[in-house]
file run34.cif (mmCIF, C-alpha atoms)
data_query
loop_
_atom_site.label_atom_id
_atom_site.label_comp_id
_atom_site.auth_asym_id
_atom_site.auth_seq_id
_atom_site.Cartn_x
_atom_site.Cartn_y
_atom_site.Cartn_z
CA MET G 14 7.37 177.30 64.48
CA SER G 15 4.70 179.96 64.30
CA PRO G 16 5.15 182.93 66.63
CA SER G 17 1.82 181.93 68.16
CA ALA G 18 2.92 178.39 69.12
CA GLN G 19 1.84 177.72 72.68
CA THR G 20 5.41 177.11 73.84
CA ALA G 21 8.33 179.41 73.01
CA VAL G 22 11.81 177.92 72.75
CA VAL G 23 14.67 180.09 74.04
CA CYS G 24 18.38 179.25 73.91
CA ASP G 25 21.70 181.02 74.34
CA THR G 26 24.15 181.90 71.59
CA THR G 27 26.52 178.99 72.32
CA ALA G 28 24.37 176.58 70.26
CA TYR G 29 25.70 178.40 67.16
CA LEU G 30 22.57 177.59 65.20
CA PRO G 31 22.45 179.23 61.75
CA ASP G 32 20.53 182.53 61.80
CA ALA G 33 18.15 181.37 59.07
CA LEU G 34 17.19 178.28 61.07
CA VAL G 35 16.65 180.34 64.23
CA ALA G 36 14.37 182.74 62.32
CA GLU G 37 12.46 179.95 60.57
CA ARG G 38 11.80 178.14 63.87
CA GLY G 39 10.96 181.30 65.83
CA ILE G 40 13.67 180.49 68.39
CA GLN G 41 14.65 183.32 70.76
CA ARG G 42 18.36 183.76 71.57
CA ILE G 43 20.14 185.28 74.55
CA SER G 44 23.78 186.29 74.14
CA LEU G 45 26.75 185.42 76.31
CA TYR G 46 29.66 187.89 76.54
CA VAL G 47 33.34 187.78 75.75
CA SER G 48 36.07 190.21 76.87
CA ILE G 49 39.53 190.73 75.44
CA ASP G 50 41.75 193.23 77.26
CA ASP G 51 38.78 194.45 79.37
CA ARG G 52 36.62 195.22 76.34
CA GLN G 53 33.35 193.33 76.77
CA GLU G 54 31.21 192.47 73.74
CA ALA G 55 28.01 190.49 73.30
CA GLU G 56 28.86 187.31 71.44
CA ALA G 57 25.86 187.86 69.15
CA GLU G 58 27.50 191.05 67.85
CA ILE G 59 30.87 189.47 66.95
CA THR G 60 30.60 188.42 63.32
CA ASP G 61 34.16 188.97 62.05
CA PHE G 62 35.78 185.86 63.49
CA ALA G 63 39.13 186.36 61.72
CA ASP G 64 39.44 189.72 63.47
CA PHE G 65 38.39 188.18 66.80
CA TYR G 66 41.14 185.51 66.68
CA GLU G 67 43.67 188.12 65.59
CA ARG G 68 42.80 190.10 68.74
CA LEU G 69 42.85 186.94 70.86
CA ARG G 70 46.33 185.98 69.63
CA ALA G 71 47.64 189.52 70.18
CA SER G 72 46.21 189.77 73.69
CA LYS G 73 48.54 189.16 76.63
CA GLY G 74 45.74 188.16 78.98
CA GLY G 75 43.63 186.10 76.59
CA ALA G 76 39.85 186.26 76.69
CA THR G 77 37.30 185.85 79.45
CA THR G 78 33.67 184.92 78.93
CA SER G 79 30.59 185.54 81.01
CA GLN G 80 26.96 184.49 81.13
CA PRO G 81 23.99 186.75 80.30
CA SER G 82 22.65 188.86 83.17
CA ILE G 83 19.35 188.10 84.90
CA GLY G 84 18.10 191.26 83.19
CA ASP G 85 19.08 189.89 79.77
CA PHE G 86 16.93 186.83 80.43
CA GLY G 87 14.06 188.95 81.74
CA ALA G 88 14.07 191.08 78.58
CA VAL G 89 13.43 187.96 76.47
CA TYR G 90 11.14 186.12 78.88
CA GLU G 91 8.74 188.92 79.85
CA PRO G 92 7.19 189.64 76.42
CA LEU G 93 6.67 185.91 75.85
CA LEU G 94 4.97 185.49 79.23
CA GLU G 95 2.85 188.60 78.64
CA ALA G 96 1.65 186.95 75.41
CA GLY G 97 0.43 184.03 77.53
CA ARG G 98 3.04 181.54 76.33
CA GLU G 99 4.99 178.83 78.10
CA ILE G 100 8.78 178.87 77.73
CA VAL G 101 11.39 176.13 77.48
CA SER G 102 14.82 177.74 77.88
CA ILE G 103 17.76 175.53 76.83
CA HIS G 104 21.34 176.31 77.83
CA ILE G 105 25.01 175.44 77.74
CA SER G 106 26.12 172.87 80.32
CA ALA G 107 25.96 174.17 83.88
CA GLY G 108 29.26 172.31 84.39
CA ILE G 109 31.14 174.93 82.33
CA SER G 110 29.00 178.11 82.50
CA GLY G 111 26.80 180.05 84.90
CA THR G 112 24.22 180.64 82.13
CA PHE G 113 21.78 177.95 83.34
CA GLU G 114 21.92 179.34 86.88
CA ALA G 115 21.25 182.91 85.66
CA ALA G 116 18.21 181.63 83.74
CA VAL G 117 16.91 179.91 86.88
CA GLN G 118 17.35 183.12 88.87
CA ALA G 119 15.49 185.12 86.21
CA ARG G 120 12.65 182.59 86.24
CA ASP G 121 12.44 182.73 90.05
CA ARG G 122 12.41 186.54 90.04
CA LEU G 123 9.58 186.65 87.47
CA THR G 124 7.64 184.13 89.57
CA GLU G 125 8.09 186.25 92.72
CA GLU G 126 6.99 189.37 90.82
CA GLY G 127 3.79 187.62 89.70
CA LYS G 128 4.82 187.80 86.02
CA GLY G 129 4.27 184.14 85.16
CA GLY G 130 7.77 182.78 85.82
CA GLU G 131 6.21 179.45 86.79
CA ARG G 132 5.55 178.93 83.05
CA ILE G 133 9.30 178.83 82.34
CA ARG G 134 11.14 175.51 82.26
CA VAL G 135 14.94 175.89 82.27
CA PHE G 136 16.87 172.99 80.74
CA ASP G 137 20.57 172.12 81.13
CA SER G 138 21.67 170.61 77.81
CA ARG G 139 24.81 169.27 79.58
CA SER G 140 26.40 170.09 76.25
CA ALA G 141 27.21 173.10 74.08
CA ALA G 142 27.55 174.01 70.41
CA GLY G 143 26.02 171.41 68.08
CA GLY G 144 24.93 169.13 70.91
CA MET G 145 22.93 171.88 72.52
CA GLY G 146 21.74 172.96 69.06
CA LEU G 147 20.24 169.51 68.44
CA CYS G 148 18.38 169.72 71.79
CA VAL G 149 17.03 173.13 70.72
CA LEU G 150 15.89 171.84 67.32
CA ALA G 151 14.19 168.84 68.97
CA ALA G 152 12.35 171.18 71.35
CA SER G 153 11.33 173.54 68.55
CA ALA G 154 9.90 170.62 66.52
CA ALA G 155 7.74 169.63 69.51
CA ALA G 156 6.66 173.27 69.98
CA ALA G 157 5.76 173.60 66.29
CA ALA G 158 3.57 170.50 66.66
CA GLY G 159 1.60 172.34 69.36
CA GLY G 160 3.30 170.78 72.39
CA ASP G 161 2.87 172.34 75.82
CA GLY G 162 5.88 173.10 78.03
CA GLU G 163 6.03 169.54 79.38
CA ALA G 164 5.98 167.97 75.90
CA VAL G 165 8.63 170.37 74.58
CA LEU G 166 10.86 169.75 77.61
CA ALA G 167 10.44 165.97 77.20
CA ARG G 168 11.64 166.23 73.59
CA ALA G 169 14.74 168.19 74.63
CA GLU G 170 15.43 165.49 77.24
CA LEU G 171 15.11 162.76 74.60
CA ALA G 172 17.65 164.53 72.36
CA ARG G 173 20.03 164.98 75.31
CA GLU G 174 19.84 161.24 76.12
CA GLU G 175 20.56 160.22 72.51
CA LEU G 176 23.18 162.84 71.80
CA LYS G 177 26.83 162.17 71.10
CA MET G 178 29.12 165.01 70.05
CA TRP G 179 32.87 164.80 69.43
CA PHE G 180 35.37 167.61 68.95
CA ALA G 181 38.90 167.53 67.58
CA ILE G 182 41.00 170.52 68.60
CA ASP G 183 44.35 171.72 67.33
CA THR G 184 45.90 172.46 70.72
CA LEU G 185 45.11 172.29 74.44
CA GLU G 186 46.76 175.69 74.94
CA TYR G 187 43.56 177.78 74.93
CA LEU G 188 41.74 175.38 77.27
CA ARG G 189 44.72 175.42 79.62
CA ARG G 190 44.85 179.21 79.59
CA GLY G 191 41.14 179.52 80.28
CA GLY G 192 41.03 176.89 83.01
CA ARG G 193 38.10 175.03 81.37
CA ILE G 194 40.08 171.92 80.69
CA GLY G 195 38.21 169.39 82.86
CA GLY G 196 39.53 165.85 82.59
CA ALA G 197 42.01 166.73 79.84
CA ARG G 198 44.28 168.37 82.42
CA ALA G 199 46.44 165.23 82.59
CA TRP G 200 47.43 165.74 78.96
CA ILE G 201 48.97 169.16 79.53
CA GLY G 202 52.73 169.22 79.35
CA SER G 203 52.88 166.22 77.06
CA ALA G 204 55.97 166.65 74.92
CA LEU G 205 54.12 165.04 72.02
CA LYS G 206 52.35 167.32 69.59
CA ILE G 207 49.01 165.71 70.35
CA LYS G 208 45.66 166.40 68.70
CA PRO G 209 43.05 165.81 71.40
CA ILE G 210 39.57 164.45 70.76
CA LEU G 211 37.09 165.60 73.37
CA THR G 212 33.45 165.33 74.19
CA LEU G 213 31.31 167.49 76.46
CA GLU G 214 29.30 165.58 79.02
CA GLU G 215 28.60 168.20 81.68
CA GLU G 216 32.28 169.19 81.47
CA ILE G 217 35.00 168.84 78.84
CA THR G 218 35.99 165.17 78.77
CA PRO G 219 39.00 163.76 76.90
CA ILE G 220 38.40 160.64 74.83
CA GLU G 221 41.55 160.09 72.85
CA ARG G 222 44.73 161.75 71.68
CA VAL G 223 46.22 161.26 68.24
CA ARG G 224 49.33 162.63 66.57
CA THR G 225 48.07 164.28 63.40
CA ARG G 226 45.22 166.40 62.16
CA ASN G 227 44.29 163.82 59.52
CA ARG G 228 44.14 161.07 62.11
CA SER G 229 41.89 163.16 64.37
CA ILE G 230 39.44 163.65 61.49
CA GLU G 231 39.49 159.90 60.72
CA ARG G 232 38.64 159.23 64.36
CA LEU G 233 35.78 161.76 64.36
CA LEU G 234 34.32 159.87 61.40
CA ASP G 235 34.82 156.54 63.19
CA TYR G 236 32.86 157.79 66.20
CA ALA G 237 30.13 159.17 63.91
CA ARG G 238 29.95 155.85 62.05
CA GLN G 239 29.53 153.94 65.33
CA HIS G 240 26.69 156.22 66.44
CA HIS G 241 25.01 155.89 63.04
CA GLU G 242 25.21 152.10 63.34
CA ASP G 243 23.39 152.43 66.66
CA GLY G 244 20.51 154.07 64.78
CA TYR G 245 21.21 157.81 65.04
CA ASP G 246 21.04 159.65 61.75
CA ALA G 247 20.36 163.37 62.27
CA TRP G 248 23.81 164.96 62.27
CA VAL G 249 25.66 168.26 62.49
CA VAL G 250 29.16 169.49 61.71
CA GLN G 251 30.72 172.59 63.24
CA HIS G 252 34.16 174.15 62.96
CA ILE G 253 36.23 177.17 63.91
CA GLN G 254 37.99 178.97 61.06
CA ASP G 255 38.49 175.83 58.97
CA PHE G 256 35.95 175.78 56.15
CA ASP G 257 38.04 173.49 53.91
CA THR G 258 38.47 170.63 56.39
CA ALA G 259 34.88 171.04 57.57
CA GLY G 260 33.79 170.67 53.94
CA ARG G 261 35.65 167.36 53.66
CA LEU G 262 34.18 166.19 56.97
CA ILE G 263 30.67 167.06 55.72
CA ASP G 264 31.21 165.12 52.47
CA ASP G 265 32.37 162.03 54.39
CA ALA G 266 29.57 162.34 56.97
CA ARG G 267 27.00 162.63 54.19
CA GLU G 268 28.16 159.22 52.94
CA ILE G 269 28.01 157.70 56.43
CA PHE G 270 24.57 159.02 57.33
CA GLY G 271 23.04 158.95 53.85
CA CYS G 272 21.31 162.31 54.31
CA GLU G 273 21.93 166.04 54.57
CA PRO G 274 23.03 167.55 57.92
CA ALA G 275 20.48 169.05 60.33
CA PHE G 276 22.77 172.09 60.17
CA VAL G 277 26.39 173.16 59.64
CA SER G 278 27.85 176.24 61.31
CA GLU G 279 30.93 178.01 62.55
CA ILE G 280 31.35 178.15 66.31
CA GLY G 281 31.53 181.70 67.63
CA ALA G 282 33.58 183.74 70.04
CA VAL G 283 32.62 182.39 73.47
CA LEU G 284 33.58 178.77 72.88
CA GLY G 285 36.21 179.89 70.39
CA ALA G 286 37.94 181.87 73.14
CA HIS G 287 38.33 178.65 75.15
CA VAL G 288 39.44 176.24 72.41
CA GLY G 289 41.01 178.46 69.75
CA PRO G 290 40.81 178.19 65.96
CA GLY G 291 40.97 174.81 64.23
CA LEU G 292 38.21 172.97 66.08
CA LEU G 293 36.11 170.45 64.16
CA GLY G 294 33.02 168.84 65.66
CA ILE G 295 30.49 166.21 64.62
CA GLY G 296 27.49 164.83 66.45
CA SER G 297 24.16 163.09 66.00
CA VAL G 298 20.77 162.18 67.42
CA SER G 299 17.86 160.24 65.92
CA LYS G 300 15.85 161.83 63.13
CA SER G 301 12.68 161.08 65.11
CA ALA G 302 13.87 163.40 67.91
CA LEU G 303 13.91 166.29 65.43
CA GLU G 304 10.56 165.57 63.74
#

call {"tool": "encode", "arguments": {"input": "run34.cif", "output": "structure tokens"}}
result
Amino acid sequence: MSPSAQTAVVCDTTAYLPDALVAERGIQRISLYVSIDDRQEAEAEITDFADFYERLRASKGGATTSQPSIGDFGAVYEPLLEAGREIVSIHISAGISGTFEAAVQARDRLTEEGKGGERIRVFDSRSAAGGMGLCVLAASAAAAAGGDGEAVLARAELAREELKMWFAIDTLEYLRRGGRIGGARAWIGSALKIKPILTLEEEITPIERVRTRNRSIERLLDYARQHHEDGYDAWVVQHIQDFDTAGRLIDDAREIFGCEPAFVSEIGAVLGAHVGPGLLGIGSVSKSALE
């Protein structure tokens, strides 16, 4: 997307899009925050994930996360509005984060101040990580094609409607600790060493529990295969601190979908704080949504 495209696409860091893709598409990012033992850091500045999880494991209180401030949004929005552009701002599900609401407040403030806030459209991806990332890529494709704010927003909506994203996690412990467990709460306290498979549809939703890591990966591939059979073939894989298993998942997914992934990335500190290391995720939309 050229920097002069009529519509600018903004997202927050919890899409975990690769930096090169963000730069190539001209996407603007706004960082969430994570705190361990009262030390707050911008997620965008945490790049040593091994060190982050070391600190998380050693911490008695665990981690807390917080949305960007209204000022953080204003700092990104204002220069874009001053350049005469429209903005589509795509964010992590409002069901699990206050980020969407902070973006709305920033838009409203800029409107009241006569700074063009009415040219900002704020979009709830109802997802996070790769699911939100696919919505962002769909929007940026529409923006690169010269779409106005309405057209770019419509493309993000299309991706959100098509999207399916599944996550296998190693343990429910981090979700329990952080209180973001949604419908999986009933599985807490299970004596079985379960490996939960979850999706994110506004909030974290449990789909299935299996006994072993290998079985959870098989099931991720089964879900991906089903979605591919329904005609969806632009896919992503994400993981937390598990490059080897992610590599195997990518090889298998490549065979299912018959093409290269839209992107592959490691999920960062904000979602990582809530699910812990060992997550694997796969999801897909139609290729036409991203073109």

call {"tool": "residues_near_point", "arguments": {"input": "run34.cif", "point": "(13.4, 181.4, 88.8)", "cutoff": "10 Å", "atoms": "only C-alpha atoms", "output": "VMD selection string"}}
result
chain G and resid 83 114 to 125 130 to 131 133 to 135

call {"tool": "closest_residue", "arguments": {"input": "run34.cif", "among": "G:Leu147, G:Ala76, G:Ile210, G:Ala96", "to": "Ala275 (chain G)", "atoms": "all atoms listed in the file"}}
result
G:Leu147

call {"tool": "residues_around", "arguments": {"input": "run34.cif", "residues": "region 169-177 of chain G", "least_positions_apart": "2", "cutoff": "7 Å", "atoms": "only C-alpha atoms", "output": "PyMOL selection string"}}
result
chain G and resi 138+144+147-149+151-152+165-167+179+296-298+302

call {"tool": "axis_aligned_box", "arguments": {"input": "run34.cif", "around": "region 287-303 of chain G", "padding_each_side": "3 Å", "output": "JSON"}}
result
{"center_x": 26.8, "center_y": 169.4, "center_z": 69.1, "size_x": 34.3, "size_y": 24.4, "size_z": 18.0}

call {"tool": "atom_distance", "arguments": {"input": "run34.cif", "atom1": "CA of Phe256 (chain G)", "atom2": "CA of Gly285 (chain G)"}}
result
14.8 Å

call {"tool": "resolve_selection", "arguments": {"input": "run34.cif", "expression": "the PyMOL selection byres ((chain G and resi 230) around 12)", "output": "PyMOL selection string"}}
result
chain G and resi 179-183+208-210+222-229+231-237+250+252+258-263+265-266+291-295

call {"tool": "atom_distance", "arguments": {"input": "run34.cif", "atom1": "CA of Leu185 (chain G)", "atom2": "CA of Val288 (chain G)"}}
result
7.2 Å

call {"tool": "closest_residue", "arguments": {"input": "run34.cif", "among": "G:Thr27, G:Ala155, G:Val22, G:Tyr66", "to": "Val89 (chain G)", "atoms": "all atoms listed in the file"}}
result
G:Val22

call {"tool": "atom_distance", "arguments": {"input": "run34.cif", "atom1": "CA of Ala57 (chain G)", "atom2": "CA of Ile280 (chain G)"}}
result
11.5 Å

call {"tool": "closest_residue", "arguments": {"input": "run34.cif", "among": "G:Val283, G:Leu303, G:Ala158, G:Val249", "to": "Asp25 (chain G)", "atoms": "only C-alpha atoms"}}
result
G:Val283

call {"tool": "resolve_selection", "arguments": {"input": "run34.cif", "expression": "the PyMOL selection byres ((chain G and resi 54-56) around 9)", "output": "list in words"}}
result
Thr26, Thr27, Ser44, Leu45, Tyr46, Val47, Ser48, Ile49, Arg52, Gln53, Ala57, Glu58, Ile59, Thr60, Pro81, Gly281, Ala282 and Val283 of chain G

call {"tool": "closest_residue", "arguments": {"input": "run34.cif", "among": "G:Gly97, G:Ala88, G:Leu188, G:Arg267", "to": "Pro219 (chain G)", "atoms": "only C-alpha atoms"}}
result
G:Leu188

call {"tool": "closest_residue", "arguments": {"input": "run34.cif", "among": "G:Glu99, G:Glu221, G:Glu126, G:Glu216", "to": "Glu163 (chain G)", "atoms": "all atoms listed in the file"}}
result
G:Glu99

call {"tool": "resolve_selection", "arguments": {"input": "run34.cif", "expression": "the PyMOL selection byres ((chain G and resi 141) around 10)", "output": "PDB file with C-alpha atoms, in the coordinates of the input"}}
result
ATOM      1  CA  ASP G  25      21.700 181.020  74.340  1.00  0.00           C
ATOM      2  CA  THR G  26      24.150 181.900  71.590  1.00  0.00           C
ATOM      3  CA  THR G  27      26.520 178.990  72.320  1.00  0.00           C
ATOM      4  CA  ALA G  28      24.370 176.580  70.260  1.00  0.00           C
ATOM      5  CA  TYR G  29      25.700 178.400  67.160  1.00  0.00           C
ATOM      6  CA  HIS G 104      21.340 176.310  77.830  1.00  0.00           C
ATOM      7  CA  ILE G 105      25.010 175.440  77.740  1.00  0.00           C
ATOM      8  CA  SER G 106      26.120 172.870  80.320  1.00  0.00           C
ATOM      9  CA  ALA G 107      25.960 174.170  83.880  1.00  0.00           C
ATOM     10  CA  ILE G 109      31.140 174.930  82.330  1.00  0.00           C
ATOM     11  CA  SER G 110      29.000 178.110  82.500  1.00  0.00           C
ATOM     12  CA  ASP G 137      20.570 172.120  81.130  1.00  0.00           C
ATOM     13  CA  SER G 138      21.670 170.610  77.810  1.00  0.00           C
ATOM     14  CA  ARG G 139      24.810 169.270  79.580  1.00  0.00           C
ATOM     15  CA  SER G 140      26.400 170.090  76.250  1.00  0.00           C
ATOM     16  CA  ALA G 142      27.550 174.010  70.410  1.00  0.00           C
ATOM     17  CA  GLY G 143      26.020 171.410  68.080  1.00  0.00           C
ATOM     18  CA  GLY G 144      24.930 169.130  70.910  1.00  0.00           C
ATOM     19  CA  MET G 145      22.930 171.880  72.520  1.00  0.00           C
ATOM     20  CA  GLY G 146      21.740 172.960  69.060  1.00  0.00           C
ATOM     21  CA  LEU G 147      20.240 169.510  68.440  1.00  0.00           C
ATOM     22  CA  CYS G 148      18.380 169.720  71.790  1.00  0.00           C
ATOM     23  CA  MET G 178      29.120 165.010  70.050  1.00  0.00           C
ATOM     24  CA  THR G 212      33.450 165.330  74.190  1.00  0.00           C
ATOM     25  CA  LEU G 213      31.310 167.490  76.460  1.00  0.00           C
ATOM     26  CA  GLU G 214      29.300 165.580  79.020  1.00  0.00           C
ATOM     27  CA  GLU G 215      28.600 168.200  81.680  1.00  0.00           C
ATOM     28  CA  GLU G 216      32.280 169.190  81.470  1.00  0.00           C
ATOM     29  CA  LEU G 284      33.580 178.770  72.880  1.00  0.00           C
TER      30      LEU G 284
END

call {"tool": "closest_residue", "arguments": {"input": "run34.cif", "among": "G:Leu94, G:Val101, G:Ala154, G:Ala247", "to": "Gly127 (chain G)", "atoms": "all atoms listed in the file"}}
result
G:Leu94

call {"tool": "decode", "arguments": {"input": "run34.cif", "residues": "region 238-248 of chain G", "atoms": "all heavy atoms", "output": "PDB file, in the first residue's frame"}}
result
ATOM      1  N   ARG G 238      -8.633 -28.460   7.586  1.00  0.00           N
ATOM      2  CA  ARG G 238      -9.038 -29.215   6.392  1.00  0.00           C
ATOM      3  C   ARG G 238     -10.518 -28.969   6.092  1.00  0.00           C
ATOM      4  O   ARG G 238     -10.904 -28.737   4.945  1.00  0.00           O
ATOM      5  CB  ARG G 238      -8.763 -30.709   6.623  1.00  0.00           C
ATOM      6  CG  ARG G 238      -8.743 -31.546   5.364  1.00  0.00           C
ATOM      7  CD  ARG G 238      -8.299 -32.983   5.658  1.00  0.00           C
ATOM      8  NE  ARG G 238      -6.865 -33.099   5.884  1.00  0.00           N
ATOM      9  CZ  ARG G 238      -6.294 -33.387   7.060  1.00  0.00           C
ATOM     10  NH1 ARG G 238      -7.031 -33.597   8.131  1.00  0.00           N
ATOM     11  NH2 ARG G 238      -4.989 -33.469   7.169  1.00  0.00           N
ATOM     12  N   GLN G 239     -11.347 -28.987   7.133  1.00  0.00           N
ATOM     13  CA  GLN G 239     -12.786 -28.731   6.953  1.00  0.00           C
ATOM     14  C   GLN G 239     -13.019 -27.352   6.343  1.00  0.00           C
ATOM     15  O   GLN G 239     -13.823 -27.189   5.433  1.00  0.00           O
ATOM     16  CB  GLN G 239     -13.503 -28.783   8.323  1.00  0.00           C
ATOM     17  CG  GLN G 239     -13.843 -30.169   8.797  1.00  0.00           C
ATOM     18  CD  GLN G 239     -14.363 -30.109  10.243  1.00  0.00           C
ATOM     19  OE1 GLN G 239     -13.895 -29.350  11.059  1.00  0.00           O
ATOM     20  NE2 GLN G 239     -15.352 -30.916  10.558  1.00  0.00           N
ATOM     21  N   HIS G 240     -12.314 -26.360   6.869  1.00  0.00           N
ATOM     22  CA  HIS G 240     -12.521 -24.981   6.386  1.00  0.00           C
ATOM     23  C   HIS G 240     -12.031 -24.853   4.949  1.00  0.00           C
ATOM     24  O   HIS G 240     -12.648 -24.171   4.131  1.00  0.00           O
ATOM     25  CB  HIS G 240     -11.810 -23.979   7.305  1.00  0.00           C
ATOM     26  CG  HIS G 240     -12.408 -22.611   7.283  1.00  0.00           C
ATOM     27  ND1 HIS G 240     -11.652 -21.470   7.176  1.00  0.00           N
ATOM     28  CD2 HIS G 240     -13.702 -22.191   7.339  1.00  0.00           C
ATOM     29  CE1 HIS G 240     -12.462 -20.413   7.181  1.00  0.00           C
ATOM     30  NE2 HIS G 240     -13.699 -20.828   7.275  1.00  0.00           N
ATOM     31  N   HIS G 241     -10.940 -25.535   4.630  1.00  0.00           N
ATOM     32  CA  HIS G 241     -10.443 -25.531   3.245  1.00  0.00           C
ATOM     33  C   HIS G 241     -11.473 -26.164   2.311  1.00  0.00           C
ATOM     34  O   HIS G 241     -11.730 -25.665   1.209  1.00  0.00           O
ATOM     35  CB  HIS G 241      -9.115 -26.277   3.157  1.00  0.00           C
ATOM     36  CG  HIS G 241      -8.640 -26.494   1.758  1.00  0.00           C
ATOM     37  ND1 HIS G 241      -8.393 -25.459   0.883  1.00  0.00           N
ATOM     38  CD2 HIS G 241      -8.410 -27.637   1.061  1.00  0.00           C
ATOM     39  CE1 HIS G 241      -8.008 -25.948  -0.282  1.00  0.00           C
ATOM     40  NE2 HIS G 241      -8.018 -27.261  -0.202  1.00  0.00           N
ATOM     41  N   GLU G 242     -12.089 -27.246   2.762  1.00  0.00           N
ATOM     42  CA  GLU G 242     -13.110 -27.912   1.928  1.00  0.00           C
ATOM     43  C   GLU G 242     -14.316 -27.007   1.695  1.00  0.00           C
ATOM     44  O   GLU G 242     -15.013 -27.148   0.690  1.00  0.00           O
ATOM     45  CB  GLU G 242     -13.529 -29.249   2.560  1.00  0.00           C
ATOM     46  CG  GLU G 242     -12.471 -30.331   2.361  1.00  0.00           C
ATOM     47  CD  GLU G 242     -12.657 -31.546   3.253  1.00  0.00           C
ATOM     48  OE1 GLU G 242     -13.694 -31.630   3.960  1.00  0.00           O
ATOM     49  OE2 GLU G 242     -11.742 -32.417   3.248  1.00  0.00           O
ATOM     50  N   ASP G 243     -14.531 -26.069   2.600  1.00  0.00           N
ATOM     51  CA  ASP G 243     -15.624 -25.094   2.425  1.00  0.00           C
ATOM     52  C   ASP G 243     -15.218 -23.931   1.520  1.00  0.00           C
ATOM     53  O   ASP G 243     -15.990 -22.991   1.323  1.00  0.00           O
ATOM     54  CB  ASP G 243     -16.082 -24.550   3.789  1.00  0.00           C
ATOM     55  CG  ASP G 243     -16.774 -25.621   4.629  1.00  0.00           C
ATOM     56  OD1 ASP G 243     -17.274 -26.601   4.034  1.00  0.00           O
ATOM     57  OD2 ASP G 243     -16.800 -25.491   5.868  1.00  0.00           O
ATOM     58  N   GLY G 244     -13.965 -23.978   1.016  1.00  0.00           N
ATOM     59  CA  GLY G 244     -13.554 -22.991   0.020  1.00  0.00           C
ATOM     60  C   GLY G 244     -12.630 -21.884   0.510  1.00  0.00           C
ATOM     61  O   GLY G 244     -12.416 -20.896  -0.188  1.00  0.00           O
ATOM     62  N   TYR G 245     -12.057 -22.058   1.708  1.00  0.00           N
ATOM     63  CA  TYR G 245     -11.212 -21.003   2.266  1.00  0.00           C
ATOM     64  C   TYR G 245      -9.749 -21.439   2.192  1.00  0.00           C
ATOM     65  O   TYR G 245      -9.392 -22.489   2.712  1.00  0.00           O
ATOM     66  CB  TYR G 245     -11.636 -20.710   3.702  1.00  0.00           C
ATOM     67  CG  TYR G 245     -13.080 -20.266   3.747  1.00  0.00           C
ATOM     68  CD1 TYR G 245     -14.087 -21.138   4.129  1.00  0.00           C
ATOM     69  CD2 TYR G 245     -13.432 -18.981   3.346  1.00  0.00           C
ATOM     70  CE1 TYR G 245     -15.417 -20.739   4.125  1.00  0.00           C
ATOM     71  CE2 TYR G 245     -14.751 -18.567   3.339  1.00  0.00           C
ATOM     72  CZ  TYR G 245     -15.741 -19.458   3.731  1.00  0.00           C
ATOM     73  OH  TYR G 245     -17.058 -19.055   3.705  1.00  0.00           O
ATOM     74  N   ASP G 246      -8.925 -20.633   1.525  1.00  0.00           N
ATOM     75  CA  ASP G 246      -7.586 -21.139   1.230  1.00  0.00           C
ATOM     76  C   ASP G 246      -6.452 -20.145   1.458  1.00  0.00           C
ATOM     77  O   ASP G 246      -5.330 -20.379   1.036  1.00  0.00           O
ATOM     78  CB  ASP G 246      -7.538 -21.668  -0.210  1.00  0.00           C
ATOM     79  CG  ASP G 246      -8.186 -20.714  -1.204  1.00  0.00           C
ATOM     80  OD1 ASP G 246      -8.520 -19.579  -0.807  1.00  0.00           O
ATOM     81  OD2 ASP G 246      -8.367 -21.093  -2.366  1.00  0.00           O
ATOM     82  N   ALA G 247      -6.721 -19.033   2.129  1.00  0.00           N
ATOM     83  CA  ALA G 247      -5.632 -18.148   2.576  1.00  0.00           C
ATOM     84  C   ALA G 247      -5.450 -18.416   4.069  1.00  0.00           C
ATOM     85  O   ALA G 247      -6.377 -18.216   4.842  1.00  0.00           O
ATOM     86  CB  ALA G 247      -5.984 -16.694   2.318  1.00  0.00           C
ATOM     87  N   TRP G 248      -4.268 -18.880   4.457  1.00  0.00           N
ATOM     88  CA  TRP G 248      -4.117 -19.405   5.822  1.00  0.00           C
ATOM     89  C   TRP G 248      -2.914 -18.815   6.551  1.00  0.00           C
ATOM     90  O   TRP G 248      -2.002 -18.275   5.935  1.00  0.00           O
ATOM     91  CB  TRP G 248      -4.005 -20.933   5.781  1.00  0.00           C
ATOM     92  CG  TRP G 248      -2.881 -21.455   4.942  1.00  0.00           C
ATOM     93  CD1 TRP G 248      -2.846 -21.540   3.572  1.00  0.00           C
ATOM     94  CD2 TRP G 248      -1.621 -21.976   5.397  1.00  0.00           C
ATOM     95  NE1 TRP G 248      -1.645 -22.073   3.154  1.00  0.00           N
ATOM     96  CE2 TRP G 248      -0.887 -22.355   4.240  1.00  0.00           C
ATOM     97  CE3 TRP G 248      -1.060 -22.157   6.664  1.00  0.00           C
ATOM     98  CZ2 TRP G 248       0.401 -22.900   4.330  1.00  0.00           C
ATOM     99  CZ3 TRP G 248       0.217 -22.700   6.754  1.00  0.00           C
ATOM    100  CH2 TRP G 248       0.937 -23.073   5.598  1.00  0.00           C
TER     101      TRP G 248
END
